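A.B. asks: Contents of my_file_13.pdb (PDB, C-alpha atoms, pLDDT in the B column) are below:
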ATOM      1  CA  MET A  23     102.467 -75.676 -66.614  1.00 55.00           C
ATOM      2  CA  LYS A  24     104.304 -73.004 -64.661  1.00 65.00           C
ATOM      3  CA  LYS A  25     105.106 -75.472 -61.939  1.00 68.00           C
ATOM      4  CA  SER A  26     106.662 -77.999 -64.285  1.00 69.00           C
ATOM      5  CA  GLY A  27     108.804 -75.259 -65.902  1.00 69.00           C
ATOM      6  CA  ILE A  28     110.069 -74.161 -62.495  1.00 72.00           C
ATOM      7  CA  LEU A  29     110.825 -77.765 -61.538  1.00 66.00           C
ATOM      8  CA  ILE A  30     112.758 -78.359 -64.791  1.00 76.00           C
ATOM      9  CA  ALA A  31     114.803 -75.190 -64.247  1.00 70.00           C
ATOM     10  CA  PHE A  32     115.545 -76.163 -60.653  1.00 69.00           C
ATOM     11  CA  ALA A  33     116.600 -79.713 -61.654  1.00 69.00           C
ATOM     12  CA  THR A  34     118.883 -78.384 -64.434  1.00 74.00           C
ATOM     13  CA  THR A  35     120.554 -75.920 -62.035  1.00 71.00           C
ATOM     14  CA  PHE A  36     121.026 -78.657 -59.466  1.00 67.00           C
ATOM     15  CA  LEU A  37     122.703 -80.961 -62.035  1.00 64.00           C
ATOM     16  CA  LEU A  38     125.053 -78.183 -63.214  1.00 61.00           C
ATOM     17  CA  LEU A  39     126.128 -77.443 -59.641  1.00 60.00           C
ATOM     18  CA  LEU A  40     126.610 -81.099 -58.898  1.00 58.00           C
ATOM     19  CA  THR A  41     128.801 -81.554 -61.991  1.00 65.00           C
ATOM     20  CA  ALA A  42     130.869 -78.433 -61.256  1.00 62.00           C
ATOM     21  CA  CYS A  43     131.523 -79.443 -57.630  1.00 60.00           C
ATOM     22  CA  GLY A  44     132.213 -83.087 -58.405  1.00 58.00           C
ATOM     23  CA  ALA A  45     135.388 -84.920 -57.386  1.00 52.00           C
ATOM     24  CA  GLN A  46     138.515 -84.285 -59.422  1.00 55.00           C
ATOM     25  CA  ALA A  47     140.141 -87.191 -61.198  1.00 52.00           C
ATOM     26  CA  PRO A  48     143.513 -88.111 -59.697  1.00 52.00           C
ATOM     27  CA  THR A  49     146.431 -86.731 -61.678  1.00 53.00           C
ATOM     28  CA  GLN A  50     148.838 -89.494 -60.689  1.00 55.00           C
ATOM     29  CA  ALA A  51     148.219 -93.166 -60.532  1.00 53.00           C
ATOM     30  CA  ALA A  52     148.150 -94.381 -56.958  1.00 52.00           C
ATOM     31  CA  THR A  53     150.860 -96.834 -56.074  1.00 59.00           C
ATOM     32  CA  GLU A  54     149.604 -99.935 -54.416  1.00 62.00           C
ATOM     33  CA  VAL A  55     151.398-100.954 -51.237  1.00 61.00           C
ATOM     34  CA  GLU A  56     150.883-104.470 -50.018  1.00 69.00           C
ATOM     35  CA  GLN A  57     150.192-104.582 -46.274  1.00 67.00           C
ATOM     36  CA  PRO A  58     151.294-107.636 -44.282  1.00 67.00           C
ATOM     37  CA  VAL A  59     148.498-109.658 -42.602  1.00 67.00           C
ATOM     38  CA  VAL A  60     148.696-109.434 -38.809  1.00 65.00           C
ATOM     39  CA  VAL A  61     147.000-112.139 -36.721  1.00 65.00           C
ATOM     40  CA  VAL A  62     146.133-111.082 -33.164  1.00 63.00           C
ATOM     41  CA  GLU A  63     145.616-113.847 -30.620  1.00 65.00           C
ATOM     42  CA  PRO A  64     142.884-113.013 -28.083  1.00 59.00           C
ATOM     43  CA  THR A  65     144.194-112.622 -24.566  1.00 60.00           C
ATOM     44  CA  THR A  66     142.554-114.176 -21.511  1.00 58.00           C
ATOM     45  CA  GLN A  67     141.390-110.723 -20.527  1.00 58.00           C
ATOM     46  CA  ALA A  68     139.649-110.271 -23.888  1.00 52.00           C
ATOM     47  CA  LEU A  69     137.998-113.688 -23.479  1.00 51.00           C
ATOM     48  CA  ALA A  70     136.770-112.792 -19.997  1.00 53.00           C
ATOM     49  CA  VAL A  71     135.172-109.615 -21.305  1.00 54.00           C
ATOM     50  CA  SER A  72     133.363-111.443 -24.084  1.00 57.00           C
ATOM     51  CA  GLN A  73     131.851-114.060 -21.726  1.00 60.00           C
ATOM     52  CA  PRO A  74     128.347-113.143 -20.533  1.00 59.00           C
ATOM     53  CA  THR A  75     128.198-112.345 -16.841  1.00 68.00           C
ATOM     54  CA  GLN A  76     126.060-114.441 -14.522  1.00 69.00           C
ATOM     55  CA  PRO A  77     123.038-112.528 -13.202  1.00 70.00           C
ATOM     56  CA  GLN A  78     123.014-111.748  -9.492  1.00 82.00           C
ATOM     57  CA  TYR A  79     119.939-113.221  -7.759  1.00 84.00           C
ATOM     58  CA  ALA A  80     118.442-112.640  -4.344  1.00 84.00           C
ATOM     59  CA  PRO A  81     119.163-115.330  -1.717  1.00 85.00           C
ATOM     60  CA  PHE A  82     116.995-118.452  -1.740  1.00 82.00           C
ATOM     61  CA  CYS A  83     114.410-119.354   0.910  1.00 80.00           C
ATOM     62  CA  GLN A  84     111.565-121.798   1.472  1.00 69.00           C
ATOM     63  CA  ALA A  85     108.081-120.566   0.478  1.00 60.00           C
ATOM     64  CA  ALA A  86     106.072-122.256   3.236  1.00 51.00           C
ATOM     65  CA  ALA A  87     106.581-124.594   6.119  1.00 51.00           C
ATOM     66  CA  ALA A  88     106.998-128.180   4.945  1.00 51.00           C
ATOM     67  CA  GLY A  89     104.382-130.721   5.950  1.00 56.00           C
ATOM     68  CA  CYS A  90     101.533-128.283   6.552  1.00 74.00           C
ATOM     69  CA  SER A  91      98.239-130.023   7.200  1.00 80.00           C
ATOM     70  CA  ALA A  92      94.651-128.844   7.167  1.00 84.00           C
ATOM     71  CA  PRO A  93      92.998-127.912  10.468  1.00 88.00           C
ATOM     72  CA  GLU A  94      90.853-130.453  12.291  1.00 90.00           C
ATOM     73  CA  ILE A  95      87.113-129.759  12.073  1.00 93.00           C
ATOM     74  CA  GLU A  96      84.734-130.927  14.769  1.00 93.00           C
ATOM     75  CA  VAL A  97      80.971-130.679  14.172  1.00 94.00           C
ATOM     76  CA  LEU A  98      79.300-129.593  17.410  1.00 94.00           C
ATOM     77  CA  ASP A  99      75.723-129.388  16.106  1.00 92.00           C
ATOM     78  CA  LYS A 100      74.478-129.909  12.532  1.00 88.00           C
ATOM     79  CA  ALA A 101      70.858-128.896  13.202  1.00 86.00           C
ATOM     80  CA  PHE A 102      70.935-125.940  15.577  1.00 92.00           C
ATOM     81  CA  CYS A 103      67.613-124.199  14.825  1.00 92.00           C
ATOM     82  CA  VAL A 104      66.608-120.556  15.152  1.00 90.00           C
ATOM     83  CA  ASN A 105      63.059-119.719  13.980  1.00 89.00           C
ATOM     84  CA  LYS A 106      62.958-123.008  11.993  1.00 89.00           C
ATOM     85  CA  TRP A 107      66.228-122.192  10.184  1.00 91.00           C
ATOM     86  CA  PRO A 108      68.878-124.903  10.622  1.00 93.00           C
ATOM     87  CA  TYR A 109      72.507-123.956  11.278  1.00 94.00           C
ATOM     88  CA  ILE A 110      75.604-126.118  11.593  1.00 94.00           C
ATOM     89  CA  ILE A 111      78.166-125.226  14.257  1.00 95.00           C
ATOM     90  CA  MET A 112      81.774-126.365  13.823  1.00 95.00           C
ATOM     91  CA  LYS A 113      84.815-126.051  16.074  1.00 95.00           C
ATOM     92  CA  VAL A 114      88.220-125.319  14.493  1.00 94.00           C
ATOM     93  CA  PRO A 115      91.581-124.101  15.866  1.00 92.00           C
ATOM     94  CA  ALA A 116      92.073-120.350  16.264  1.00 90.00           C
ATOM     95  CA  GLY A 117      93.697-118.811  13.171  1.00 86.00           C
ATOM     96  CA  THR A 118      91.733-121.015  10.799  1.00 90.00           C
ATOM     97  CA  THR A 119      90.455-119.276   7.664  1.00 91.00           C
ATOM     98  CA  TYR A 120      87.482-120.449   5.628  1.00 92.00           C
ATOM     99  CA  GLU A 121      85.646-119.655   2.411  1.00 93.00           C
ATOM    100  CA  PRO A 122      82.304-121.062   1.236  1.00 94.00           C
ATOM    101  CA  VAL A 123      82.732-122.745  -2.164  1.00 93.00           C
ATOM    102  CA  ASP A 124      78.961-122.642  -2.768  1.00 92.00           C
ATOM    103  CA  ALA A 125      77.261-119.232  -3.071  1.00 90.00           C
ATOM    104  CA  ASP A 126      74.178-120.419  -1.120  1.00 92.00           C
ATOM    105  CA  LEU A 127      76.228-121.126   2.021  1.00 93.00           C
ATOM    106  CA  ILE A 128      76.825-118.245   4.426  1.00 94.00           C
ATOM    107  CA  CYS A 129      79.085-118.528   7.460  1.00 94.00           C
ATOM    108  CA  GLN A 130      80.122-116.483  10.479  1.00 94.00           C
ATOM    109  CA  ASP A 131      82.805-117.114  13.060  1.00 93.00           C
ATOM    110  CA  GLN A 132      83.331-116.266  16.703  1.00 93.00           C
ATOM    111  CA  LEU A 133      86.309-116.838  18.985  1.00 92.00           C
ATOM    112  CA  HIS A 134      85.294-119.097  21.881  1.00 90.00           C
ATOM    113  CA  SER A 135      86.523-118.846  25.487  1.00 91.00           C
ATOM    114  CA  ASP A 136      88.509-122.100  25.113  1.00 92.00           C
ATOM    115  CA  GLY A 137      90.671-120.427  22.421  1.00 90.00           C
ATOM    116  CA  SER A 138      89.050-122.245  19.493  1.00 92.00           C
ATOM    117  CA  LEU A 139      87.001-120.706  16.726  1.00 94.00           C
ATOM    118  CA  ARG A 140      83.321-121.528  16.192  1.00 95.00           C
ATOM    119  CA  ILE A 141      82.096-121.376  12.589  1.00 95.00           C
ATOM    120  CA  THR A 142      78.323-121.227  12.152  1.00 95.00           C
ATOM    121  CA  CYS A 143      76.882-121.793   8.657  1.00 95.00           C
ATOM    122  CA  ASN A 144      73.429-121.933   7.088  1.00 93.00           C
ATOM    123  CA  ASP A 145      71.674-121.827   3.710  1.00 92.00           C
ATOM    124  CA  VAL A 146      70.753-118.298   2.535  1.00 91.00           C
ATOM    125  CA  GLU A 147      67.093-119.336   2.259  1.00 90.00           C
ATOM    126  CA  GLY A 148      66.991-121.542   5.366  1.00 89.00           C
ATOM    127  CA  LYS A 149      66.716-124.786   3.366  1.00 91.00           C
ATOM    128  CA  GLN A 150      67.189-128.026   5.289  1.00 91.00           C
ATOM    129  CA  LEU A 151      69.020-131.301   4.698  1.00 92.00           C
ATOM    130  CA  LEU A 152      71.533-129.926   2.210  1.00 91.00           C
ATOM    131  CA  SER A 153      75.278-130.359   1.756  1.00 93.00           C
ATOM    132  CA  TYR A 154      77.710-127.601   0.798  1.00 94.00           C
ATOM    133  CA  ASP A 155      81.464-127.307   0.325  1.00 94.00           C
ATOM    134  CA  LEU A 156      83.552-125.106   2.615  1.00 94.00           C
ATOM    135  CA  LYS A 157      87.273-124.519   2.030  1.00 93.00           C
ATOM    136  CA  VAL A 158      89.039-124.492   5.409  1.00 92.00           C
ATOM    137  CA  CYS A 159      92.726-123.528   5.764  1.00 89.00           C
ATOM    138  CA  ASP A 160      95.407-123.292   8.433  1.00 87.00           C
ATOM    139  CA  SER A 161      96.476-119.640   8.073  1.00 80.00           C
ATOM    140  CA  THR A 162     100.007-120.377   9.336  1.00 79.00           C
ATOM    141  CA  CYS A 163     100.602-122.546   6.251  1.00 76.00           C
ATOM    142  CA  SER A 164      99.842-119.916   3.665  1.00 61.00           C
ATOM    143  CA  ALA A 165     102.807-119.294   1.418  1.00 60.00           C
ATOM    144  CA  PRO A 166     103.777-115.697   0.748  1.00 63.00           C
ATOM    145  CA  ALA A 167     102.797-114.179  -2.575  1.00 70.00           C
ATOM    146  CA  LEU A 168     105.667-114.708  -5.002  1.00 78.00           C
ATOM    147  CA  ALA A 169     106.293-112.188  -7.778  1.00 79.00           C
ATOM    148  CA  ALA A 170     107.457-113.789 -11.026  1.00 79.00           C
ATOM    149  CA  GLY A 171     109.453-112.114 -13.788  1.00 79.00           C
ATOM    150  CA  THR A 172     111.186-109.522 -11.586  1.00 83.00           C
ATOM    151  CA  GLY A 173     114.699-110.507 -12.715  1.00 85.00           C
ATOM    152  CA  GLN A 174     115.678-111.059  -9.075  1.00 86.00           C
ATOM    153  CA  CYS A 175     115.180-114.842  -9.266  1.00 89.00           C
ATOM    154  CA  PRO A 176     116.006-117.559 -11.819  1.00 86.00           C
ATOM    155  CA  GLU A 177     113.373-119.227 -14.002  1.00 83.00           C
ATOM    156  CA  GLY A 178     110.899-121.309 -11.955  1.00 80.00           C
ATOM    157  CA  TYR A 179     111.269-119.191  -8.817  1.00 83.00           C
ATOM    158  CA  GLY A 180     109.372-116.184  -7.520  1.00 83.00           C
ATOM    159  CA  TYR A 181     110.487-113.229  -5.408  1.00 84.00           C
ATOM    160  CA  ASP A 182     109.166-113.047  -1.815  1.00 82.00           C
ATOM    161  CA  SER A 183     109.257-109.299  -1.100  1.00 79.00           C
ATOM    162  CA  GLY A 184     108.502-109.780   2.614  1.00 78.00           C
ATOM    163  CA  ASN A 185     111.577-111.942   3.196  1.00 81.00           C
ATOM    164  CA  GLN A 186     113.575-110.502   0.250  1.00 85.00           C
ATOM    165  CA  CYS A 187     114.441-113.910  -1.162  1.00 88.00           C
ATOM    166  CA  CYS A 188     113.705-116.304  -4.034  1.00 87.00           C
ATOM    167  CA  ALA A 189     111.371-119.234  -3.375  1.00 83.00           C
ATOM    168  CA  GLN A 190     109.963-121.996  -5.496  1.00 79.00           C
ATOM    169  CA  PRO A 191     106.148-122.104  -5.630  1.00 72.00           C
ATOM    170  CA  SER A 192     104.687-124.988  -3.661  1.00 63.00           C
ATOM    171  CA  THR A 193     103.630-127.925  -5.826  1.00 56.00           C
ATOM    172  CA  SER A 194     103.202-130.475  -3.044  1.00 52.00           C
ATOM    173  CA  GLY A 195      99.597-129.532  -2.311  1.00 53.00           C
ATOM    174  CA  GLY A 196     100.494-129.291   1.388  1.00 58.00           C
ATOM    175  CA  ASP A 197      99.053-125.807   1.574  1.00 68.00           C
ATOM    176  CA  GLY A 198      97.142-126.516   4.786  1.00 80.00           C
ATOM    177  CA  CYS A 199      93.696-126.410   3.128  1.00 85.00           C
ATOM    178  CA  VAL A 200      90.883-128.912   2.759  1.00 89.00           C
ATOM    179  CA  VAL A 201      87.437-128.733   1.154  1.00 92.00           C
ATOM    180  CA  TYR A 202      85.049-129.903   3.849  1.00 92.00           C
ATOM    181  CA  THR A 203      81.471-131.042   3.147  1.00 93.00           C
ATOM    182  CA  VAL A 204      79.064-129.184   5.418  1.00 93.00           C
ATOM    183  CA  ASP A 205      75.851-131.179   6.022  1.00 93.00           C
ATOM    184  CA  ILE A 206      73.025-128.961   7.281  1.00 92.00           C
ATOM    185  CA  GLY A 207      70.402-130.866   9.219  1.00 92.00           C
ATOM    186  CA  ALA A 208      66.666-130.265   9.683  1.00 92.00           C
ATOM    187  CA  CYS A 209      64.588-128.479  12.301  1.00 90.00           C
ATOM    188  CA  PRO A 210      61.734-130.400  13.972  1.00 84.00           C
ATOM    189  CA  GLY A 211      58.147-129.514  13.117  1.00 76.00           C
ATOM    190  CA  PRO A 212      56.473-127.973  10.069  1.00 66.00           C
ATOM    191  CA  GLN A 213      58.250-125.182   8.284  1.00 51.00           C
TER     192      GLN A 213
END
What does the file become when written as structure tokens?
C.D. replies:
Amino acid sequence: MKKSGILIAFATTFLLLLTACGAQAPTQAATEVEQPVVVVEPTTQALAVSQPTQPQYAPFCQAAAAGCSAPEIEVLDKAFCVNKWPYIIMKVPAGTTYEPVDADLICQDQLHSDGSLRITCNDVEGKQLLSYDLKVCDSTCSAPALAAGTGQCPEGYGYDSGNQCCAQPSTSGGDGCVVYTVDIGACPGPQ
């Protein structure tokens, strides 16, 4: 009960102070003065300021060389055997990159004296007469990584930080890659 009595006393004091300090009523009636309406025409400078400015973009460039084609693959031996494990040996141009699409295919490469690259692949368990997919690419065709949403390029383009320019991502499929079917042969004799 003490709290409510204190609150009532505080509220009453607050209202008395508010009433005592309130605004005084005007002693004279205010005379109304009619103001003329002024119309201001916008100037060309005011229009130029209100127009949104065009964003400044980095220069434009081409993402990758046009007409890139996949490297040529030559099978040298599809049943090269070591301890009854069959390997396939392929010849590709130097600079070719590859990636097994199937987890059971393992590959190694070695640069040959003629300047070409030899890719040797086999099954992880030494299985014979199987086919696997291997993605083979011409590394000179790879497009640079393009960063999207940086504000440095318009919509539909990405920023190439290496060349400091805007490029459109390649949609032609001419990325210099092909999925090649690797056919592993069989070794003679019982396994």
A.B. asks: What is the atom CA of A:Pro115-atom CA of A:Asp131 distance in Å, reported with one decimal?
C.D. replies: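 These atoms are spaced 11.6 Å apart.
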A.B. asks: Which residues, named as in the file, does the PyMOL selection byres ((chain A and resi 173-185) around 9) pick out? Answer as a VMD selection string.
C.D. replies: chain A and resid 77 to 83 85 166 to 172 186 to 191
A.B. asks: Selected by the PyMOL selection byres ((chain A and resi 141) around 6) in the shown coordinates: which residues, as a PyMOL selection string?
C.D. replies: chain A and resi 111-112+130-131+140+142
A.B. asks: Run the PyMOL selection byres ((chain A and resi 143) around 6) on the file and write out the hits as JSON, numbers by chain.
C.D. replies: {"A": [109, 110, 128, 129, 142, 144]}
A.B. asks: Could you turn the residues from that selection into a file that holds C-alpha atoms, as a PDB file, in the coordinates of the input?
C.D. replies:
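The result, written out as part-v2.pdb:
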ATOM      1  CA  TYR A 109      72.507-123.956  11.278  1.00 94.00           C
ATOM      2  CA  ILE A 110      75.604-126.118  11.593  1.00 94.00           C
ATOM      3  CA  ILE A 128      76.825-118.245   4.426  1.00 94.00           C
ATOM      4  CA  CYS A 129      79.085-118.528   7.460  1.00 94.00           C
ATOM      5  CA  THR A 142      78.323-121.227  12.152  1.00 95.00           C
ATOM      6  CA  ASN A 144      73.429-121.933   7.088  1.00 93.00           C
TER       7      ASN A 144
END
A.B. asks: Select all residues near (72.1, -118.6, 0.2) (cut-off 10 Å, inclusive, file coordinates), counting all atoms listed in the file, and output them as an mmCIF file with C-alpha atoms, in the frame of the given file.
C.D. replies:
data_model
loop_
_atom_site.group_PDB
_atom_site.id
_atom_site.type_symbol
_atom_site.label_atom_id
_atom_site.label_comp_id
_atom_site.auth_asym_id
_atom_site.auth_seq_id
_atom_site.Cartn_x
_atom_site.Cartn_y
_atom_site.Cartn_z
ATOM 1 C CA ASP A 124 78.961 -122.642 -2.768
ATOM 2 C CA ALA A 125 77.261 -119.232 -3.071
ATOM 3 C CA ASP A 126 74.178 -120.419 -1.120
ATOM 4 C CA LEU A 127 76.228 -121.126 2.021
ATOM 5 C CA ILE A 128 76.825 -118.245 4.426
ATOM 6 C CA ASN A 144 73.429 -121.933 7.088
ATOM 7 C CA ASP A 145 71.674 -121.827 3.710
ATOM 8 C CA VAL A 146 70.753 -118.298 2.535
ATOM 9 C CA GLU A 147 67.093 -119.336 2.259
ATOM 10 C CA GLY A 148 66.991 -121.542 5.366
ATOM 11 C CA LYS A 149 66.716 -124.786 3.366
#
A.B. asks: For A:Leu133, which of A:Ile28, A:Val114, A:Val200, A:Ile206 is the closest residue, counting all atoms listed in the file?
C.D. replies: A:Val114
A.B. asks: Can you tell me which residues surround A:Cys199 at a distance of at most 6 Å, considering only C-alpha atoms, apart from same-chain residues fewer than 4 positions away, and format the answer as a list of chain:residue names?
C.D. replies: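 With the cut-off at 6 Å, the set is A:Ala92, A:Val158, A:Cys159.
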A.B. asks: Can you work out the spacing between atom CA of A:Pro108 and atom CA of A:Thr203 in Å, to one decimal?
C.D. replies: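 Atom CA of A:Pro108 sits 15.9 Å away from atom CA of A:Thr203.
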A.B. asks: Mind pulling up the distance from atom CA of A:Gly211 to atom CA of A:Glu96?
C.D. replies: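 Distance between the two atoms: 26.7 Å.
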A.B. asks: Using only C-alpha atoms, give me every residue within 9 Å of (66.7, -133.6, 11.0) in file coordinates, as a list in words.
C.D. replies: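 Residues lying no farther than 9 Å from the given point: Lys100, Ala101, Pro108, Gln150, Leu151, Ile206, Gly207, Ala208, Cys209 and Pro210 of chain A.
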